[in-house]
$ cat start_32.txt   # compact mmCIF, C-alpha atoms
# COMPACT_ATOMS: atom_id res chain seq x y z
CA MET N 1245 0.00 0.00 0.00
CA ALA N 1246 1.02 3.64 -0.41
CA ALA N 1247 2.58 5.13 2.70
CA VAL N 1248 0.98 8.10 4.37
CA ASN N 1249 2.89 11.16 3.16
CA SER N 1250 5.61 11.85 5.72
CA GLN N 1251 5.65 15.58 4.95
CA ARG N 1252 2.01 16.04 5.91
CA VAL N 1253 0.71 15.03 9.34
CA PRO N 1254 -2.75 13.49 8.81
CA LEU N 1255 -5.70 15.39 10.27
CA ILE N 1256 -8.92 13.75 11.40
CA ALA N 1257 -11.46 16.53 11.96
CA GLY N 1258 -14.90 16.09 13.52
CA ASN N 1259 -17.54 18.59 12.40
CA TRP N 1260 -20.30 18.43 15.00
CA LYS N 1261 -22.57 20.78 13.01
CA MET N 1262 -25.51 21.94 15.17
CA ASN N 1263 -25.22 19.23 17.81
CA LEU N 1264 -24.19 19.15 21.50
CA ASP N 1265 -24.53 22.03 23.93
CA HIS N 1266 -21.57 23.20 26.00
CA LEU N 1267 -22.17 20.72 28.82
CA GLN N 1268 -22.49 17.83 26.37
CA ALA N 1269 -19.36 19.09 24.64
CA ILE N 1270 -17.33 18.89 27.83
CA ALA N 1271 -18.43 15.30 28.47
CA PHE N 1272 -17.79 14.33 24.86
CA VAL N 1273 -14.29 15.81 24.66
CA GLN N 1274 -13.30 14.18 27.95
CA LYS N 1275 -14.53 10.81 26.74
CA LEU N 1276 -12.84 11.22 23.36
CA ALA N 1277 -9.49 12.08 24.94
CA TRP N 1278 -9.74 9.13 27.32
CA SER N 1279 -10.68 6.75 24.51
CA LEU N 1280 -7.75 7.83 22.35
CA LYS N 1281 -5.29 7.69 25.25
CA ASP N 1282 -6.54 4.23 26.26
CA ALA N 1283 -5.92 3.14 22.67
CA ARG N 1284 -2.39 4.64 22.88
CA HIS N 1285 -3.12 6.99 20.01
CA ASP N 1286 -0.09 8.81 18.59
CA PHE N 1287 -1.33 12.41 18.59
CA ASP N 1288 1.86 13.64 16.91
CA GLY N 1289 1.46 11.11 14.13
CA VAL N 1290 -2.25 11.80 13.51
CA GLN N 1291 -3.83 15.04 14.68
CA VAL N 1292 -7.40 14.90 15.97
CA ALA N 1293 -9.57 18.02 16.03
CA VAL N 1294 -13.17 18.77 17.01
CA PHE N 1295 -15.38 21.53 15.62
CA PRO N 1296 -18.15 22.35 18.10
CA PRO N 1297 -20.85 25.03 17.74
CA PHE N 1298 -19.77 28.58 18.69
CA THR N 1299 -21.49 28.35 22.10
CA ASP N 1300 -19.27 25.39 23.07
CA LEU N 1301 -15.90 26.80 22.09
CA ARG N 1302 -15.00 28.49 25.37
CA SER N 1303 -15.88 25.36 27.33
CA VAL N 1304 -13.84 23.16 25.00
CA GLN N 1305 -10.90 25.58 25.13
CA THR N 1306 -10.93 25.68 28.93
CA LEU N 1307 -11.12 21.90 29.25
CA ILE N 1308 -8.35 21.20 26.74
CA ALA N 1309 -6.07 23.81 28.33
CA ALA N 1310 -6.75 22.81 31.95
CA ASP N 1311 -6.38 19.06 31.39
CA LYS N 1312 -3.61 19.48 28.77
CA LEU N 1313 -5.52 17.28 26.36
CA PRO N 1314 -3.64 16.58 23.10
CA LEU N 1315 -6.65 17.49 20.98
CA GLN N 1316 -7.09 20.43 18.64
CA TYR N 1317 -10.27 22.37 17.98
CA GLY N 1318 -11.81 24.94 15.73
CA ALA N 1319 -14.96 26.78 14.71
CA GLN N 1320 -17.49 25.90 12.03
CA ASP N 1321 -17.53 29.35 10.42
CA VAL N 1322 -16.06 32.86 10.63
CA SER N 1323 -17.14 36.30 9.47
CA GLN N 1324 -15.38 37.94 6.56
CA HIS N 1325 -15.59 41.22 8.55
CA ASP N 1326 -13.23 42.36 11.31
CA SER N 1327 -15.95 43.97 13.50
CA GLY N 1328 -19.02 46.15 13.26
CA ALA N 1329 -22.79 46.00 12.82
CA TYR N 1330 -23.02 42.37 11.73
CA THR N 1331 -25.53 40.78 14.06
CA GLY N 1332 -24.86 37.10 14.68
CA GLU N 1333 -21.43 37.12 13.05
CA VAL N 1334 -18.23 35.96 14.78
CA ALA N 1335 -14.93 37.65 13.93
CA GLY N 1336 -11.66 35.88 13.30
CA SER N 1337 -10.09 37.81 16.17
CA PHE N 1338 -12.65 36.24 18.53
CA LEU N 1339 -11.62 32.76 17.38
CA LYS N 1340 -7.96 33.66 17.81
CA ALA N 1341 -8.69 34.86 21.37
CA LEU N 1342 -10.13 31.40 22.07
CA HIS N 1343 -6.93 29.84 20.64
CA CYS N 1344 -8.79 28.03 17.88
CA ASP N 1345 -6.42 26.03 15.71
CA TYR N 1346 -8.76 25.86 12.72
CA VAL N 1347 -11.97 27.17 11.20
CA ILE N 1348 -14.14 25.44 8.61
CA ILE N 1349 -14.95 27.75 5.71
CA GLY N 1350 -17.39 27.28 2.85
CA HIS N 1351 -18.99 24.03 3.96
CA SER N 1352 -21.63 22.95 1.46
CA GLU N 1353 -24.35 23.63 4.02
CA ARG N 1354 -23.15 27.23 4.33
CA ARG N 1355 -23.11 27.53 0.56
CA GLN N 1356 -26.56 25.94 0.19
CA TYR N 1357 -28.47 27.49 3.10
CA HIS N 1358 -26.66 30.81 3.49
CA GLY N 1359 -25.80 31.64 -0.10
CA GLU N 1360 -22.05 31.72 0.39
CA THR N 1361 -20.25 32.27 -2.90
CA ASP N 1362 -16.67 31.38 -3.79
CA GLU N 1363 -15.81 35.05 -3.31
CA ILE N 1364 -17.25 35.07 0.22
CA VAL N 1365 -15.35 31.86 0.96
CA GLY N 1366 -12.19 33.61 -0.21
CA ALA N 1367 -12.89 36.65 1.98
CA LYS N 1368 -13.50 34.41 5.01
CA THR N 1369 -10.29 32.53 4.24
CA ALA N 1370 -8.43 35.85 4.26
CA ALA N 1371 -10.03 36.76 7.61
CA ALA N 1372 -8.88 33.47 9.13
CA ILE N 1373 -5.34 33.85 7.79
CA LYS N 1374 -5.17 37.44 9.06
CA ASN N 1375 -5.91 36.16 12.57
CA SER N 1376 -3.53 33.17 12.39
CA VAL N 1377 -6.34 30.62 12.43
CA THR N 1378 -5.83 27.89 9.84
CA PRO N 1379 -8.72 27.79 7.36
CA ILE N 1380 -10.17 24.48 6.21
CA ILE N 1381 -11.55 25.45 2.80
CA CYS N 1382 -14.41 23.17 1.77
CA VAL N 1383 -15.13 22.47 -1.89
CA GLY N 1384 -17.31 19.92 -3.63
CA GLU N 1385 -19.80 19.21 -6.37
CA THR N 1386 -23.47 18.22 -6.37
CA ALA N 1387 -24.77 15.17 -8.23
CA GLU N 1388 -25.91 17.50 -11.00
CA ASP N 1389 -22.47 19.12 -11.19
CA LEU N 1390 -20.87 15.70 -11.36
CA GLU N 1391 -23.07 14.64 -14.26
CA GLN N 1392 -22.69 17.91 -16.14
CA HIS N 1393 -19.04 18.83 -15.56
CA GLY N 1394 -17.27 15.69 -14.38
CA PRO N 1395 -15.67 14.93 -11.02
CA SER N 1396 -13.16 17.73 -10.46
CA ALA N 1397 -14.26 20.78 -12.50
CA VAL N 1398 -16.49 22.41 -9.86
CA PRO N 1399 -14.28 21.88 -6.78
CA VAL N 1400 -11.23 23.04 -8.76
CA ALA N 1401 -13.04 26.23 -9.81
CA GLN N 1402 -14.26 26.83 -6.24
CA LEU N 1403 -10.78 26.50 -4.78
CA ARG N 1404 -9.13 28.58 -7.49
CA THR N 1405 -11.49 31.49 -6.83
CA ALA N 1406 -11.23 31.24 -3.04
CA LEU N 1407 -7.43 31.27 -3.11
CA ALA N 1408 -7.35 34.14 -5.59
CA VAL N 1409 -9.56 36.25 -3.32
CA ALA N 1410 -7.74 35.21 -0.13
CA GLY N 1411 -4.32 36.25 -1.44
CA LYS N 1412 -0.97 34.86 -0.34
CA ALA N 1413 -1.19 32.06 2.19
CA THR N 1414 1.16 29.39 3.43
CA ASP N 1415 -1.01 27.47 5.88
CA VAL N 1416 -4.35 26.27 4.56
CA VAL N 1417 -6.17 22.95 4.63
CA VAL N 1418 -8.49 21.92 1.81
CA ALA N 1419 -11.45 19.60 2.29
CA TYR N 1420 -13.02 17.86 -0.69
CA GLU N 1421 -16.61 17.10 0.23
CA PRO N 1422 -18.74 15.86 -2.64
CA VAL N 1423 -22.20 17.18 -1.79
CA TRP N 1424 -23.80 14.01 -3.11
CA ALA N 1425 -21.90 11.98 -0.49
CA ILE N 1426 -22.54 14.10 2.62
CA GLY N 1427 -24.98 12.36 4.95
CA SER N 1428 -26.05 10.01 2.16
CA GLY N 1429 -24.20 6.95 3.39
CA GLN N 1430 -22.77 6.72 -0.12
CA ALA N 1431 -19.13 7.80 0.05
CA ALA N 1432 -16.96 8.48 -2.96
CA THR N 1433 -14.59 5.66 -3.82
CA PRO N 1434 -10.98 6.11 -2.73
CA GLU N 1435 -10.05 6.42 -6.40
CA GLN N 1436 -12.61 9.19 -6.96
CA ALA N 1437 -11.34 11.04 -3.91
CA GLU N 1438 -7.73 10.71 -5.04
CA GLN N 1439 -8.48 12.01 -8.53
CA VAL N 1440 -10.10 15.19 -7.18
CA CYS N 1441 -7.60 15.70 -4.34
CA ALA N 1442 -4.71 15.48 -6.82
CA ALA N 1443 -6.42 18.12 -8.99
CA LEU N 1444 -6.93 20.34 -5.92
CA ARG N 1445 -3.26 20.05 -4.98
CA ALA N 1446 -2.40 21.25 -8.49
CA VAL N 1447 -4.60 24.32 -7.88
CA VAL N 1448 -2.73 25.06 -4.64
CA ALA N 1449 0.56 24.74 -6.52
CA GLU N 1450 -0.69 27.10 -9.21
CA ALA N 1451 -1.83 29.69 -6.64
CA LEU N 1452 0.72 29.37 -3.85
CA GLY N 1453 3.69 27.47 -5.31
CA ASP N 1454 4.94 23.89 -5.31
CA GLU N 1455 6.43 24.03 -1.82
CA VAL N 1456 3.18 25.15 -0.19
CA ALA N 1457 1.22 22.60 -2.25
CA ALA N 1458 3.49 19.78 -1.10
CA ALA N 1459 2.88 20.75 2.54
CA THR N 1460 -0.87 21.42 2.25
CA ARG N 1461 -3.17 18.80 3.72
CA ILE N 1462 -6.18 17.81 1.64
CA LEU N 1463 -8.99 16.01 3.45
CA TYR N 1464 -11.85 13.92 2.15
CA GLY N 1465 -15.32 14.31 3.67
CA GLY N 1466 -18.64 12.65 2.93
CA SER N 1467 -20.00 9.55 4.70
CA VAL N 1468 -16.60 8.78 6.26
CA LYS N 1469 -16.64 5.93 8.77
CA SER N 1470 -14.23 3.47 10.36
CA SER N 1471 -15.04 0.85 7.73
CA ASN N 1472 -13.93 3.01 4.79
CA ILE N 1473 -11.27 5.39 6.18
CA ALA N 1474 -8.39 3.02 5.40
CA GLY N 1475 -9.15 3.08 1.68
CA PHE N 1476 -9.02 6.87 1.58
CA MET N 1477 -5.83 7.09 3.63
CA ARG N 1478 -4.03 4.77 1.22
CA GLN N 1479 -4.28 7.47 -1.44
CA PRO N 1480 -1.18 9.66 -1.87
CA ASN N 1481 -3.12 12.94 -2.02
CA VAL N 1482 -5.61 12.28 0.79
CA ASP N 1483 -4.20 13.52 4.10
CA GLY N 1484 -7.12 13.01 6.44
CA ALA N 1485 -10.87 13.32 6.76
CA LEU N 1486 -13.52 15.87 7.64
CA VAL N 1487 -16.02 13.67 9.46
CA GLY N 1488 -19.65 14.61 10.02
CA GLY N 1489 -22.17 12.28 11.65
CA ALA N 1490 -19.60 9.68 12.69
CA SER N 1491 -17.72 12.31 14.72
CA LEU N 1492 -20.61 12.38 17.23
CA ASP N 1493 -19.95 8.74 18.18
CA VAL N 1494 -16.87 8.54 20.40
CA THR N 1495 -16.13 4.90 19.63
CA GLU N 1496 -16.53 5.35 15.88
CA PHE N 1497 -14.56 8.60 15.75
CA THR N 1498 -11.74 7.06 17.82
CA SER N 1499 -11.60 4.17 15.37
CA ILE N 1500 -11.45 6.60 12.41
CA ALA N 1501 -8.62 8.54 14.06
CA ARG N 1502 -6.72 5.28 14.52
CA PHE N 1503 -6.86 4.49 10.80
CA LYS N 1504 -3.21 3.40 10.83
CA GLN N 1505 -4.31 0.26 12.66
CA HIS N 1506 -6.61 -0.46 9.71
CA VAL N 1507 -4.04 0.17 6.98
CA GLY N 1508 -1.12 -1.39 8.78
CA VAL N 1509 1.27 1.56 8.71

$ encode --input "start_32.txt" --output "structure tokens"
Amino acid sequence: MAAVNSQRVPLIAGNWKMNLDHLQAIAFVQKLAWSLKDARHDFDGVQVAVFPPFTDLRSVQTLIAADKLPLQYGAQDVSQHDSGAYTGEVAGSFLKALHCDYVIIGHSERRQYHGETDEIVGAKTAAAIKNSVTPIICVGETAEDLEQHGPSAVPVAQLRTALAVAGKATDVVVAYEPVWAIGSGQAATPEQAEQVCAALRAVVAEALGDEVAAATRILYGGSVKSSNIAGFMRQPNVDGALVGGASLDVTEFTSIARFKQHVGV
């Protein structure tokens, strides 16, 4: 099998979406940390991050800092604006003050339900970078896009625009999430994921240079579970997973994070 790329530390990210209040978040993160430690998880070899709702972030930050848990965390969205009369928005500086490692930007649900364009995704990416929070830029195609344009055309165009708007960056993560796979139970095949992730890495190289592209982690997301993670992680251009529903099950998410036991590396 192909070895996991030694230049890029794999990232297993759990997007909780609109689930778990701050008290549930505390219990969940404690249990997740215990489960991974009991399994002797190598946190330096595979990073594990959780993405709670905004209302949970302070609680998660306090717990991780106080107990020195080897987990990372981030937010599910960020405003493109620095401050001002933007009711309900959360600035990048607020996330930085909470020591967020990451922020998810341009998830398909934000694009679908909140009308986020590639340009807005680019502006939010710039806001994250400005505040030293690593953006996880989500791209992906619908079933209709797939049929009309093929597997990589839409995500490639989305990423190209976002990076052009965001400007120079050296630390970004890209997440390929085919919309037709999210929550459907029907994941892309490892070969499909690899084809698109390789095309996305080429876009990063085109925008930010070969060195940045070689260091940039590209995740796959969409019906990821412990039974299929090994196939994705065998691919040379897949560096981790953005996990949705399965990240709310401690046992399942722990098993996904320990994918090396499945692939034998």

$ closest_residue --input "start_32.txt" --among "N:Leu1390, N:Arg1354, N:Val1400, N:Leu1339" --to "Asn1375 of chain N" --atoms "all atoms listed in the file"
N:Leu1339

$ residues_around --input "start_32.txt" --residues "Ala1410 of chain N" --least-positions-apart "6" --cutoff "7 Å" --atoms "only C-alpha atoms" --output "MDAnalysis selection string"
chainID N and resid 1366:1367 1369:1370

$ closest_atom_pairs --input "start_32.txt" --of "segment 1368-1475 of chain N" --to "segment 1317-1337 of chain N" --cutoff "7 Å" --atoms "only C-alpha atoms" --output "CSV"
residue,atom,partner,partner_atom,distance
N:Lys1368,CA,N:Gln1324,CA,4.3
N:Ala1371,CA,N:Gln1324,CA,5.6
N:Ala1372,CA,N:Gly1336,CA,5.6
N:Asn1375,CA,N:Ser1337,CA,5.8

$ residues_around --input "start_32.txt" --residues "Val1377 of chain N" --least-positions-apart "3" --cutoff "6 Å" --atoms "all atoms listed in the file" --output "tab-separated table (two decimals) with C-alpha atoms, in the coordinates of the input"
chain	number	residue	atom	x	y	z
N	1345	ASP	CA	-6.42	26.03	15.71
N	1346	TYR	CA	-8.76	25.86	12.72
N	1372	ALA	CA	-8.88	33.47	9.13
N	1373	ILE	CA	-5.34	33.85	7.79

$ closest_atom_pairs --input "start_32.txt" --of "segment 1460-1507 of chain N" --to "segment 1273-1292 of chain N" --cutoff "9 Å" --atoms "all atoms listed in the file" --output "Markdown table"
| residue | atom | partner | partner_atom | distance |
| --- | --- | --- | --- | --- |
| N:Gly1484 | CA | N:Val1290 | CA | 8.7 |
| N:Val1494 | CA | N:Leu1276 | CA | 5.7 |
| N:Thr1495 | CA | N:Ser1279 | CA | 7.5 |
| N:Phe1497 | CA | N:Leu1276 | CA | 8.2 |
| N:Thr1498 | CA | N:Leu1280 | CA | 6.1 |
| N:Ser1499 | CA | N:Leu1280 | CA | 8.8 |
| N:Ala1501 | CA | N:Val1292 | CA | 6.8 |
| N:Arg1502 | CA | N:His1285 | CA | 6.8 |
| N:Lys1504 | CA | N:Val1290 | CA | 8.9 |

$ atom_distance --input "start_32.txt" --atom1 "atom CA of Asp1265 of chain N" --atom2 "atom CA of Gln1305 of chain N"
14.1 Å

$ closest_residue --input "start_32.txt" --among "N:Val1448, N:Cys1382, N:Ala1419, N:Ala1269" --to "Val1482 of chain N" --atoms "all atoms listed in the file"
N:Ala1419

$ residues_near_point --input "start_32.txt" --point "(2.6, 20.9, 1.9)" --cutoff "10 Å" --atoms "all atoms listed in the file" --output "PyMOL selection string"
chain N and resi 1249+1251-1253+1414-1417+1445+1448-1449+1453-1462

$ atom_distance --input "start_32.txt" --atom1 "atom CA of Glu1421 of chain N" --atom2 "atom CA of Glu1385 of chain N"
7.6 Å

$ atom_distance --input "start_32.txt" --atom1 "atom CA of Leu1264 of chain N" --atom2 "atom CA of Lys1312 of chain N"
21.8 Å

$ axis_aligned_box --input "start_32.txt" --around "segment 1470-1484 of chain N" --padding-each-side "6 Å" --output "JSON"
{"center_x": -8.1, "center_y": 7.2, "center_z": 4.2, "size_x": 25.9, "size_y": 24.7, "size_z": 24.4}

$ residues_around --input "start_32.txt" --residues "Glu1435 of chain N" --least-positions-apart "5" --cutoff "10 Å" --atoms "only C-alpha atoms" --output "list in words"
Val1440, Cys1441, Gly1475, Phe1476, Arg1478 and Gln1479 of chain N

$ closest_residue --input "start_32.txt" --among "N:Leu1403, N:Ala1490, N:Ala1413, N:Ile1426" --to "Thr1386 of chain N" --atoms "all atoms listed in the file"
N:Ile1426

$ closest_residue --input "start_32.txt" --among "N:Trp1424, N:Tyr1464, N:Tyr1357, N:Phe1272" --to "Ala1442 of chain N" --atoms "only C-alpha atoms"
N:Tyr1464

$ residues_around --input "start_32.txt" --residues "segment 1363-1365 of chain N" --least-positions-apart "3" --cutoff "7 Å" --atoms "all atoms listed in the file" --output "number ranges by chain"
N: 1349-1350, 1360, 1368-1369, 1405-1406, 1409

$ closest_residue --input "start_32.txt" --among "N:Asp1493, N:Pro1422, N:Phe1295, N:His1266" --to "Ala1387 of chain N" --atoms "only C-alpha atoms"
N:Pro1422

$ decode --input "start_32.txt" --residues "segment 1433-1454 of chain N" --atoms "N, CA and C atoms" --output "tab-separated table (two decimals), in the first residue's frame"
chain	number	residue	atom	x	y	z
N	1433	THR	N	-15.59	6.72	-3.91
N	1433	THR	CA	-14.59	5.66	-3.82
N	1433	THR	C	-13.23	6.31	-3.53
N	1434	PRO	N	-12.31	5.56	-2.96
N	1434	PRO	CA	-10.98	6.11	-2.73
N	1434	PRO	C	-10.35	6.65	-4.01
N	1435	GLU	N	-10.61	5.98	-5.13
N	1435	GLU	CA	-10.05	6.42	-6.40
N	1435	GLU	C	-10.66	7.74	-6.85
N	1436	GLN	N	-11.96	7.92	-6.64
N	1436	GLN	CA	-12.61	9.19	-6.96
N	1436	GLN	C	-12.04	10.31	-6.10
N	1437	ALA	N	-11.88	10.04	-4.82
N	1437	ALA	CA	-11.34	11.04	-3.91
N	1437	ALA	C	-9.92	11.42	-4.32
N	1438	GLU	N	-9.11	10.44	-4.65
N	1438	GLU	CA	-7.73	10.71	-5.04
N	1438	GLU	C	-7.65	11.56	-6.30
N	1439	GLN	N	-8.50	11.26	-7.27
N	1439	GLN	CA	-8.48	12.01	-8.53
N	1439	GLN	C	-8.73	13.50	-8.26
N	1440	VAL	N	-9.75	13.79	-7.45
N	1440	VAL	CA	-10.10	15.19	-7.18
N	1440	VAL	C	-9.06	15.84	-6.28
N	1441	CYS	N	-8.59	15.12	-5.25
N	1441	CYS	CA	-7.60	15.70	-4.34
N	1441	CYS	C	-6.30	16.03	-5.07
N	1442	ALA	N	-5.91	15.19	-6.02
N	1442	ALA	CA	-4.71	15.48	-6.82
N	1442	ALA	C	-4.92	16.75	-7.64
N	1443	ALA	N	-6.12	16.92	-8.20
N	1443	ALA	CA	-6.42	18.12	-8.99
N	1443	ALA	C	-6.42	19.35	-8.10
N	1444	LEU	N	-6.91	19.22	-6.86
N	1444	LEU	CA	-6.93	20.34	-5.92
N	1444	LEU	C	-5.51	20.73	-5.50
N	1445	ARG	N	-4.65	19.74	-5.34
N	1445	ARG	CA	-3.26	20.05	-4.98
N	1445	ARG	C	-2.59	20.84	-6.11
N	1446	ALA	N	-2.95	20.51	-7.35
N	1446	ALA	CA	-2.40	21.25	-8.49
N	1446	ALA	C	-2.86	22.71	-8.46
N	1447	VAL	N	-4.10	22.95	-8.00
N	1447	VAL	CA	-4.60	24.32	-7.88
N	1447	VAL	C	-3.81	25.08	-6.81
N	1448	VAL	N	-3.53	24.43	-5.69
N	1448	VAL	CA	-2.73	25.06	-4.64
N	1448	VAL	C	-1.34	25.40	-5.17
N	1449	ALA	N	-0.75	24.49	-5.94
N	1449	ALA	CA	0.56	24.74	-6.52
N	1449	ALA	C	0.53	25.94	-7.46
N	1450	GLU	N	-0.51	26.00	-8.25
N	1450	GLU	CA	-0.69	27.10	-9.21
N	1450	GLU	C	-0.84	28.44	-8.49
N	1451	ALA	N	-1.55	28.44	-7.36
N	1451	ALA	CA	-1.83	29.69	-6.64
N	1451	ALA	C	-0.73	30.07	-5.66
N	1452	LEU	N	-0.16	29.08	-4.99
N	1452	LEU	CA	0.72	29.37	-3.85
N	1452	LEU	C	2.12	28.80	-4.00
N	1453	GLY	N	2.36	28.03	-5.07
N	1453	GLY	CA	3.69	27.47	-5.31
N	1453	GLY	C	3.79	26.00	-4.92
N	1454	ASP	N	4.78	25.34	-5.50
N	1454	ASP	CA	4.94	23.89	-5.31
N	1454	ASP	C	5.25	23.53	-3.86
